[in-house]
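Colleague: Below is the file entry.cif, which contains mmCIF, C-alpha atoms.
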data_entry
loop_
_atom_site.label_atom_id
_atom_site.label_comp_id
_atom_site.auth_asym_id
_atom_site.auth_seq_id
_atom_site.Cartn_x
_atom_site.Cartn_y
_atom_site.Cartn_z
CA MET K 1 -8.42 -168.41 -118.20
CA ALA K 2 -5.62 -169.25 -120.64
CA GLN K 3 -3.37 -172.11 -119.63
CA THR K 4 0.21 -171.14 -118.77
CA ILE K 5 2.64 -172.97 -121.03
CA ASN K 6 6.33 -173.05 -120.11
CA THR K 7 7.59 -176.21 -121.81
CA PHE K 8 6.93 -177.00 -125.46
CA GLY K 9 7.30 -180.24 -127.35
CA VAL K 10 7.94 -180.23 -131.11
CA LEU K 11 7.70 -183.15 -133.52
CA THR K 12 7.60 -183.89 -137.23
CA SER K 13 5.28 -186.64 -138.41
CA GLY K 14 4.35 -188.45 -141.61
CA GLY K 15 6.25 -187.79 -144.83
CA ASP K 16 9.28 -185.55 -144.55
CA ALA K 17 9.40 -182.28 -146.48
CA PRO K 18 12.20 -179.81 -147.25
CA GLY K 19 11.89 -176.87 -144.87
CA MET K 20 10.89 -178.91 -141.83
CA ASN K 21 14.31 -178.22 -140.31
CA ALA K 22 13.80 -174.50 -140.83
CA ALA K 23 10.51 -174.78 -138.93
CA ILE K 24 12.12 -176.80 -136.10
CA ARG K 25 14.94 -174.27 -135.88
CA ALA K 26 12.46 -171.39 -135.68
CA VAL K 27 10.41 -173.14 -132.98
CA VAL K 28 13.49 -173.83 -130.87
CA ARG K 29 15.10 -170.42 -131.15
CA ARG K 30 11.86 -168.47 -130.79
CA ALA K 31 10.96 -170.50 -127.70
CA LEU K 32 14.36 -169.89 -126.14
CA TYR K 33 14.12 -166.20 -127.03
CA ARG K 34 10.81 -166.11 -125.19
CA GLN K 35 12.38 -167.95 -122.22
CA GLN K 36 10.56 -171.22 -122.73
CA ARG K 37 11.89 -174.76 -122.43
CA ILE K 38 11.73 -176.81 -125.63
CA ILE K 39 11.71 -180.61 -125.95
CA GLY K 40 12.34 -182.32 -129.30
CA ILE K 41 10.36 -185.52 -129.87
CA LYS K 42 12.04 -187.96 -132.26
CA ARG K 43 10.18 -190.04 -134.88
CA GLY K 44 6.85 -188.25 -134.63
CA TYR K 45 3.94 -189.80 -132.74
CA ALA K 46 5.70 -193.18 -132.67
CA GLY K 47 8.62 -191.57 -130.82
CA LEU K 48 6.25 -189.75 -128.48
CA LEU K 49 4.76 -193.09 -127.43
CA GLN K 50 8.27 -194.50 -126.94
CA GLU K 51 9.28 -191.37 -124.95
CA GLU K 52 12.13 -190.47 -127.31
CA PHE K 53 12.62 -186.94 -125.97
CA ILE K 54 15.66 -184.66 -126.19
CA GLU K 55 16.24 -181.26 -124.61
CA MET K 56 16.72 -178.69 -127.38
CA THR K 57 19.17 -175.80 -127.23
CA ALA K 58 20.19 -173.14 -129.73
CA ARG K 59 23.14 -175.38 -130.61
CA SER K 60 20.76 -178.28 -131.37
CA VAL K 61 19.52 -176.49 -134.48
CA SER K 62 22.77 -174.86 -135.60
CA GLU K 63 23.59 -175.42 -139.30
CA THR K 64 20.20 -177.03 -140.01
CA ILE K 65 18.20 -174.40 -141.91
CA GLN K 66 19.73 -175.43 -145.25
CA ARG K 67 19.24 -179.19 -144.77
CA GLY K 68 16.43 -181.26 -146.25
CA GLY K 69 14.59 -183.94 -144.31
CA THR K 70 14.03 -183.54 -140.57
CA ILE K 71 16.65 -183.66 -137.82
CA LEU K 72 13.96 -185.02 -135.49
CA GLN K 73 13.23 -187.84 -137.94
CA THR K 74 9.74 -189.03 -138.69
CA ALA K 75 7.59 -192.15 -138.83
CA ARG K 76 4.07 -193.32 -139.56
CA CYS K 77 1.94 -194.26 -136.52
CA PRO K 78 -1.38 -195.91 -137.50
CA GLU K 79 -2.20 -196.76 -133.87
CA PHE K 80 -2.53 -193.04 -133.15
CA GLU K 81 -6.04 -193.24 -134.63
CA GLU K 82 -7.16 -195.03 -131.44
CA ASP K 83 -8.44 -192.90 -128.54
CA GLU K 84 -6.65 -195.01 -125.94
CA THR K 85 -3.32 -194.41 -127.69
CA VAL K 86 -3.93 -190.66 -127.88
CA GLU K 87 -4.81 -190.53 -124.18
CA ARG K 88 -1.60 -192.41 -123.38
CA ALA K 89 0.35 -189.86 -125.46
CA VAL K 90 -1.16 -187.00 -123.45
CA GLN K 91 -0.23 -188.70 -120.17
CA ILE K 92 3.34 -189.19 -121.41
CA CYS K 93 3.55 -185.47 -122.22
CA HIS K 94 2.32 -184.62 -118.71
CA LYS K 95 4.86 -187.04 -117.22
CA HIS K 96 7.68 -185.13 -118.93
CA GLY K 97 6.29 -181.71 -118.06
CA ILE K 98 5.30 -180.83 -121.63
CA ASP K 99 2.54 -178.20 -121.46
CA GLY K 100 1.95 -177.75 -125.20
CA LEU K 101 2.86 -179.46 -128.48
CA ILE K 102 3.81 -178.13 -131.91
CA VAL K 103 3.11 -180.64 -134.69
CA ILE K 104 4.72 -180.22 -138.13
CA GLY K 105 3.25 -182.45 -140.82
CA GLY K 106 0.57 -183.12 -143.39
CA ASP K 107 -3.10 -184.01 -143.25
CA GLY K 108 -2.71 -187.20 -141.18
CA SER K 109 -0.33 -185.57 -138.71
CA LEU K 110 -2.68 -182.65 -138.21
CA ARG K 111 -5.59 -185.05 -137.63
CA GLY K 112 -3.41 -186.50 -134.87
CA ALA K 113 -2.99 -182.99 -133.45
CA GLN K 114 -6.77 -182.61 -133.45
CA ALA K 115 -7.09 -185.86 -131.50
CA LEU K 116 -4.56 -184.64 -128.93
CA ALA K 117 -6.51 -181.39 -128.58
CA ARG K 118 -9.73 -183.33 -127.96
CA HIS K 119 -7.95 -185.09 -125.10
CA GLY K 120 -6.92 -181.80 -123.52
CA MET K 121 -3.43 -181.28 -124.95
CA PRO K 122 -2.77 -177.70 -126.14
CA VAL K 123 -1.48 -177.96 -129.71
CA ILE K 124 -0.42 -175.81 -132.65
CA GLY K 125 -0.22 -177.33 -136.13
CA ILE K 126 2.20 -176.32 -138.87
CA PRO K 127 1.38 -177.66 -142.36
CA GLY K 128 4.39 -179.50 -143.76
CA THR K 129 3.88 -181.69 -146.83
CA ILE K 130 5.14 -181.63 -150.40
CA ASP K 131 1.65 -182.56 -151.67
CA LEU K 132 0.06 -179.16 -150.82
CA ASP K 133 -3.07 -181.04 -149.76
CA VAL K 134 -3.87 -179.45 -146.37
CA PRO K 135 -7.28 -177.84 -146.99
CA CYS K 136 -6.96 -174.55 -145.10
CA THR K 137 -3.73 -173.12 -146.53
CA GLU K 138 -2.41 -171.96 -149.89
CA TYR K 139 1.09 -173.13 -148.98
CA THR K 140 2.59 -176.10 -147.17
CA ILE K 141 6.24 -176.46 -146.17
CA GLY K 142 8.16 -178.42 -148.77
CA PHE K 143 5.95 -177.93 -151.82
CA ASP K 144 8.09 -175.22 -153.40
CA THR K 145 11.28 -177.27 -153.13
CA ALA K 146 9.60 -180.46 -154.33
CA VAL K 147 8.02 -178.86 -157.37
CA ASN K 148 11.32 -177.22 -158.33
CA THR K 149 13.13 -180.56 -157.95
CA ALA K 150 10.55 -182.23 -160.19
CA MET K 151 10.64 -179.38 -162.72
CA ASN K 152 14.43 -179.60 -163.07
CA ALA K 153 14.30 -183.39 -163.50
CA ILE K 154 11.59 -183.14 -166.15
CA ASP K 155 13.63 -180.53 -168.06
CA LYS K 156 16.47 -183.06 -168.28
CA ILE K 157 14.14 -185.87 -169.38
CA ARG K 158 12.70 -183.58 -172.06
CA ASP K 159 16.20 -183.06 -173.49
CA THR K 160 16.76 -186.78 -174.04
CA SER K 161 13.13 -187.35 -175.05
CA THR K 162 13.56 -184.75 -177.81
CA SER K 163 16.87 -186.26 -178.95
CA HIS K 164 15.38 -189.74 -179.30
CA GLU K 165 11.92 -188.64 -180.55
CA ARG K 166 10.22 -190.35 -177.63
CA CYS K 167 7.12 -190.06 -175.56
CA SER K 168 7.99 -189.80 -171.85
CA VAL K 169 5.57 -190.69 -169.05
CA ILE K 170 6.95 -188.99 -165.93
CA GLU K 171 5.44 -189.87 -162.57
CA VAL K 172 5.57 -187.19 -159.86
CA MET K 173 4.46 -187.49 -156.25
CA GLY K 174 0.89 -186.79 -155.20
CA ARG K 175 -1.09 -189.74 -153.92
CA SER K 176 -4.42 -187.93 -153.58
CA ALA K 177 -3.54 -184.47 -154.88
CA GLY K 178 -2.35 -183.35 -158.30
CA HIS K 179 -0.75 -180.01 -157.40
CA ILE K 180 2.82 -181.05 -158.25
CA ALA K 181 1.60 -182.55 -161.53
CA VAL K 182 -0.29 -179.41 -162.57
CA TRP K 183 2.49 -177.02 -161.60
CA CYS K 184 5.04 -179.10 -163.50
CA GLY K 185 2.64 -179.37 -166.42
CA LEU K 186 2.66 -175.60 -166.69
CA ALA K 187 6.34 -175.12 -165.86
CA ASN K 188 7.62 -177.87 -168.14
CA GLY K 189 5.19 -177.44 -171.03
CA ALA K 190 3.74 -180.96 -170.83
CA GLU K 191 1.31 -182.18 -173.46
CA GLU K 192 -0.75 -184.17 -170.93
CA VAL K 193 -1.23 -183.88 -167.16
CA LEU K 194 -2.94 -186.70 -165.27
CA CYS K 195 -4.02 -185.98 -161.70
CA PRO K 196 -6.45 -187.66 -159.25
CA GLU K 197 -8.87 -184.71 -159.23
CA LYS K 198 -9.53 -184.78 -162.98
CA TYR K 199 -8.37 -187.98 -164.69
CA ASP K 200 -11.15 -190.15 -166.13
CA TYR K 201 -8.88 -193.11 -166.96
CA ASN K 202 -9.73 -192.86 -170.67
CA GLU K 203 -6.35 -193.69 -172.18
CA GLU K 204 -7.77 -193.66 -175.69
CA VAL K 205 -8.03 -189.86 -175.56
CA ILE K 206 -4.31 -189.61 -174.76
CA ILE K 207 -3.42 -192.05 -177.53
CA GLU K 208 -5.47 -190.12 -180.10
CA HIS K 209 -3.85 -186.89 -178.91
CA ILE K 210 -0.39 -188.37 -179.50
CA LYS K 211 -1.38 -189.63 -182.95
CA GLU K 212 -2.64 -186.18 -183.91
CA HIS K 213 0.64 -184.61 -182.78
CA LEU K 214 2.66 -187.18 -184.73
CA ALA K 215 0.59 -186.49 -187.84
CA ASN K 216 1.37 -182.78 -187.44
CA GLY K 217 5.11 -183.46 -187.28
CA LYS K 218 5.70 -183.33 -183.51
CA GLN K 219 8.65 -185.51 -182.54
CA HIS K 220 8.40 -185.84 -178.74
CA PHE K 221 5.65 -185.92 -176.13
CA ILE K 222 5.64 -185.33 -172.34
CA ILE K 223 2.99 -186.86 -170.06
CA ILE K 224 3.13 -185.92 -166.36
CA ASN K 225 1.39 -188.51 -164.25
CA ALA K 226 0.57 -188.05 -160.56
CA GLU K 227 1.46 -190.86 -158.18
CA GLY K 228 -2.21 -191.34 -157.33
CA ILE K 229 -2.88 -192.42 -160.91
CA GLY K 230 0.19 -194.66 -161.01
CA ASP K 231 0.66 -197.50 -163.51
CA SER K 232 3.27 -195.43 -165.38
CA MET K 233 5.37 -198.36 -166.61
CA LYS K 234 2.43 -200.29 -168.07
CA MET K 235 0.92 -197.07 -169.38
CA ALA K 236 4.10 -196.41 -171.35
CA GLN K 237 3.96 -199.92 -172.80
CA ARG K 238 0.33 -199.50 -173.87
CA ILE K 239 1.00 -196.09 -175.45
CA GLU K 240 3.96 -197.43 -177.43
CA ALA K 241 1.93 -200.42 -178.64
CA ALA K 242 -0.98 -198.21 -179.72
CA THR K 243 0.97 -195.34 -181.33
CA GLY K 244 4.22 -196.91 -182.51
CA MET K 245 6.10 -194.09 -180.77
CA GLU K 246 8.94 -195.20 -178.52
CA THR K 247 7.72 -194.52 -174.98
CA ARG K 248 9.61 -194.60 -171.69
CA ALA K 249 8.43 -194.16 -168.11
CA THR K 250 10.36 -192.40 -165.35
CA ILE K 251 9.23 -192.42 -161.72
CA LEU K 252 10.83 -189.49 -159.90
CA GLY K 253 9.87 -190.88 -156.50
CA TYR K 254 11.50 -189.86 -153.24
CA MET K 255 14.04 -187.51 -154.79
CA GLN K 256 11.21 -184.95 -154.57
CA ARG K 257 11.21 -185.18 -150.76
CA GLY K 258 14.91 -184.40 -150.37
CA GLY K 259 17.35 -181.62 -151.15
CA ASN K 260 18.12 -178.16 -149.85
CA PRO K 261 14.90 -176.19 -149.25
CA THR K 262 14.29 -173.15 -151.42
CA CYS K 263 14.34 -169.63 -150.02
CA ARG K 264 10.53 -169.61 -149.94
CA ASP K 265 10.37 -172.85 -147.97
CA ARG K 266 12.98 -171.60 -145.49
CA VAL K 267 11.35 -168.21 -144.95
CA TYR K 268 7.74 -169.41 -144.73
CA ALA K 269 8.68 -172.35 -142.49
CA SER K 270 10.65 -170.03 -140.21
CA THR K 271 7.75 -167.59 -139.97
CA MET K 272 5.22 -170.36 -139.27
CA GLY K 273 7.49 -171.86 -136.62
CA ALA K 274 7.91 -168.54 -134.82
CA LEU K 275 4.17 -167.84 -134.97
CA ALA K 276 3.41 -171.26 -133.48
CA VAL K 277 5.57 -170.42 -130.46
CA ASP K 278 4.05 -166.96 -130.09
CA LEU K 279 0.54 -168.42 -130.09
CA LEU K 280 1.37 -170.89 -127.32
CA VAL K 281 3.14 -168.26 -125.22
CA GLU K 282 0.08 -166.02 -125.56
CA GLY K 283 -2.19 -168.84 -124.40
CA LYS K 284 -3.77 -169.45 -127.82
CA THR K 285 -4.05 -173.18 -128.41
CA ASN K 286 -5.55 -175.66 -130.86
CA ARG K 287 -4.62 -173.44 -133.79
CA ILE K 288 -2.90 -174.00 -137.12
CA THR K 289 -0.58 -171.62 -138.94
CA VAL K 290 -1.57 -171.04 -142.57
CA PHE K 291 -0.60 -168.99 -145.61
CA LYS K 292 -3.64 -167.11 -146.89
CA ASN K 293 -3.90 -164.11 -149.23
CA GLY K 294 -0.21 -163.31 -148.94
CA GLU K 295 -0.05 -163.50 -145.13
CA ILE K 296 0.89 -166.10 -142.55
CA ILE K 297 -1.95 -166.19 -140.03
CA ASP K 298 -3.64 -168.75 -137.78
CA TYR K 299 -7.00 -170.53 -137.78
CA ASP K 300 -8.88 -172.68 -135.30
CA LEU K 301 -7.58 -176.20 -135.97
CA ASP K 302 -10.97 -177.94 -136.14
CA GLU K 303 -12.44 -175.24 -138.37
CA ALA K 304 -9.42 -175.32 -140.65
CA MET K 305 -9.34 -179.08 -141.10
CA ALA K 306 -13.06 -179.12 -141.95
CA MET K 307 -12.52 -176.86 -144.95
CA ASP K 308 -12.74 -178.23 -148.49
CA LYS K 309 -9.49 -179.00 -150.26
CA HIS K 310 -8.81 -176.56 -153.08
CA PHE K 311 -7.80 -177.63 -156.58
CA ASP K 312 -7.04 -174.92 -159.14
CA THR K 313 -9.20 -176.00 -162.07
CA TYR K 314 -8.21 -172.90 -164.04
CA GLN K 315 -4.52 -173.81 -163.89
CA PHE K 316 -5.41 -177.31 -165.02
CA GLU K 317 -7.54 -176.02 -167.90
CA ILE K 318 -4.94 -173.59 -169.22
CA CYS K 319 -2.28 -176.28 -168.98
CA LYS K 320 -4.34 -178.44 -171.33
CA SER K 321 -5.10 -175.50 -173.62
CA PHE K 322 -1.38 -174.81 -174.12
CA ALA K 323 -0.85 -178.31 -175.56
CA ILE K 324 -2.20 -177.42 -179.01
#
Using structure tokens, write down the structure that the file contains.

Modeller:
Amino acid sequence: MAQTINTFGVLTSGGDAPGMNAAIRAVVRRALYRQQRIIGIKRGYAGLLQEEFIEMTARSVSETIQRGGTILQTARCPEFEEDETVERAVQICHKHGIDGLIVIGGDGSLRGAQALARHGMPVIGIPGTIDLDVPCTEYTIGFDTAVNTAMNAIDKIRDTSTSHERCSVIEVMGRSAGHIAVWCGLANGAEEVLCPEKYDYNEEVIIEHIKEHLANGKQHFIIINAEGIGDSMKMAQRIEAATGMETRATILGYMQRGGNPTCRDRVYASTMGALAVDLLVEGKTNRITVFKNGEIIDYDLDEAMAMDKHFDTYQFEICKSFAI
């Protein structure tokens, strides 16, 4: 028989992502609409362990849908990998009358949700990460805003790179996933895209490519480098030494995490947040909301997190083919 859930907890964990506030707002207002009590948990799993709970009302999320970051704040919590810590978290939820938990975050946060589920806590996961690296979904909250932020920054760097006849190495976020790099490679017309899934660390190929372009009269060169590859500053120095072309490195960094979420991030986050509440109210637990084939649906959490991570090799290949 399905467990009756009357009080929800909601938290954001791991790296922040634009659109998280839209998801929180949707969770709160949908829960209140469905006559449920909603508790906000500050600073993710770390705040849960410290019992940093606040009662949420419709007013709590007023004027938040357009804001980047997360009003509940977030933190890393390595100790949550330990079973004893997870069990303590479940007992804390029971102590405060929390019957079910909605977790908004990336791969690590959702693994934490799985652990809570194994210890008997009803959970729903919502994928929120700018890296787009959650295996079961074609969309994660924050990616669209982040990739647009990076694209706009790279456009500006291209302007000055062209004026000064430079090579620019531009580092975008993506520690273990190259989705931002590939999308920006296509959107910004980069000559090289380096991402963890495909890079073989053969810099000589890049250097020869630049030399060929210079010989053909090209006067600027854009290299988009994913964070997981790194070494952008020294890479720029080596390229300049080998080619004679003035080369500068720019690390876009945390600017990609901030800013007003795009329409897509607001709408998809709102829909996922509402669906998460509906699932709990209907007694469906240990699920994750996903975007698949144009629809927002839900999967079993364990099944979803066991799926292989997708990397669009065709997008990567055509990106390279355009740099002729």

Colleague: State, in Å with one decimal place, the distance from atom CA of His164 of chain K to atom CA of Gln219 of chain K.

Modeller: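 Atom CA of His164 of chain K sits 8.6 Å away from atom CA of Gln219 of chain K.
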
Colleague: Which residues match the PyMOL selection byres ((chain K and resi 88-95) around 8) in the file above, as a list in words?

Modeller: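 Selected by the PyMOL selection byres ((chain K and resi 88-95) around 8) in this file: Leu48, Leu49, Glu51, Glu84, Thr85, Val86, Glu87, His96, Gly97, Ile98, Asp99, Leu116, His119, Gly120 and Met121 of chain K.
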
Colleague: Let me make sure I understand: among K:Glu165, K:Leu214, K:Cys263, K:Glu171, which one has the smallest atom-to-atom distance to Asp231 of chain K if we use only C-alpha atoms?

Modeller: K:Glu171

Colleague: To test your reading of the syntax: which residues would the PyMOL selection byres ((chain K and resi 294-300) around 9) return for the file shown? Reply as a list of chain:residue names.

Modeller: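 This file gives the following for the PyMOL selection byres ((chain K and resi 294-300) around 9): K:Cys136, K:Glu138, K:Tyr268, K:Thr271, K:Met272, K:Leu275, K:Ala276, K:Leu279, K:Thr285, K:Asn286, K:Arg287, K:Ile288, K:Thr289, K:Val290, K:Phe291, K:Lys292, K:Asn293, K:Leu301, K:Asp302, K:Glu303, K:Ala304, K:Met305.
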
Colleague: Expand the PyMOL selection byres ((chain K and resi 75) around 8) into the explicit residue set it covers here, and present it as a PDB file with C-alpha atoms, in the frame of the given file.

Modeller:
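Saved to result33.pdb:
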ATOM      1  CA  SER K  13       5.280-186.640-138.410  1.00  0.00           C
ATOM      2  CA  GLY K  14       4.350-188.450-141.610  1.00  0.00           C
ATOM      3  CA  GLY K  15       6.250-187.790-144.830  1.00  0.00           C
ATOM      4  CA  ARG K  43      10.180-190.040-134.880  1.00  0.00           C
ATOM      5  CA  GLY K  44       6.850-188.250-134.630  1.00  0.00           C
ATOM      6  CA  TYR K  45       3.940-189.800-132.740  1.00  0.00           C
ATOM      7  CA  ALA K  46       5.700-193.180-132.670  1.00  0.00           C
ATOM      8  CA  GLN K  73      13.230-187.840-137.940  1.00  0.00           C
ATOM      9  CA  THR K  74       9.740-189.030-138.690  1.00  0.00           C
ATOM     10  CA  ARG K  76       4.070-193.320-139.560  1.00  0.00           C
ATOM     11  CA  CYS K  77       1.940-194.260-136.520  1.00  0.00           C
TER      12      CYS K  77
END

Colleague: Which one of K:Trp183, K:Phe221, K:Phe8, K:Tyr199 sits closest to Val123 of chain K if you count all atoms listed in the file?

Modeller: K:Phe8

Colleague: To one decimal place, how far is atom CA of Gly178 of chain K from atom CA of Gly230 of chain K in Å?

Modeller: 11.9 Å

Colleague: Determine, counting only C-alpha atoms, which protein, DNA and RNA residues have an atom within 12 Å of an atom of Gly244 of chain K; residues of the same chain fewer than 2 positions away are not included. Present the result as number ranges by chain.

Modeller: K: 165-167, 207, 210-211, 214, 236-242, 246-247
